[in-house]
Amino acid sequence: MNRKNMPLILMLTAGACTCIVTMVQAYSVLASLVALFAVMLLFYCLGNGVRLLLDRFDRQNEEKAKPWPGTGTGTGREGGTRRCCIGRCTTEGCKRVKWMKPVRKGY
């Protein structure tokens with residue numbers, strides 16, 4: 001998902017709301033500009049933080065969706081680096097679980 005413009009849209013929306021509120025409350029021009037600058041800066045920083053957080057969550061979800069190394073199915077039963085039930089053996093030499101043993105290609 002493209003989130004590049006999310007901080008800008010959030011900042012401009014907050015700026016528009018600030019302009020409306022300062023005009024209704026009859027602020028002076030200087031106070032209105034200071035409030036506008038502070039609000040726009042604050043919401044730009046918040047928008048960037050939210051965007052970075054959402055991008056990080058997307059990267060984590062993509063990593064979880066990847067199949068196990070050495071396999072095409074994602075089950076981990078054809079080889080790779082998945083560990084057995086006791087955690088000491090790799091798939092190349094597991095003595096407790098038969099399905100963890102590597103399967104030769106070409107059968």
# chains A, B, ... in the order shown; residues from 1 in each chain; ligands from 1
>>> residues_around(residues="Met11 (chain A)", least_positions_apart="3", cutoff="7 Å", atoms="only C-alpha atoms", output="list in words")
Pro7, Leu8, Ala14, Gly15, Met40, Phe43 and Tyr44 of chain A
>>> residues_around(residues="Thr18 (chain A)", least_positions_apart="6", cutoff="12 Å", atoms="only C-alpha atoms", output="ChimeraX atom specification")
/A:11-12,24-27,31-40,43
>>> residues_around(residues="Asn2 (chain A)", least_positions_apart="2", cutoff="10 Å", atoms="only C-alpha atoms", output="PDB file with C-alpha atoms, in the first residue's frame")
ATOM      1  CA  LYS A   4       3.893   8.178   0.993  1.00  0.00           C
ATOM      2  CA  ASN A   5       1.281  10.969   1.099  1.00  0.00           C
ATOM      3  CA  MET A   6      -0.314  10.032   4.430  1.00  0.00           C
ATOM      4  CA  ARG A  51       3.603   5.641   8.395  1.00  0.00           C
ATOM      5  CA  ASP A  55       5.483  -0.030   7.007  1.00  0.00           C
TER       6      ASP A  55
END
>>> atom_distance(atom1="CA of Thr13 (chain A)", atom2="CA of Arg59 (chain A)")
28.0 Å
>>> atom_distance(atom1="CA of Phe57 (chain A)", atom2="CA of Leu10 (chain A)")
20.0 Å
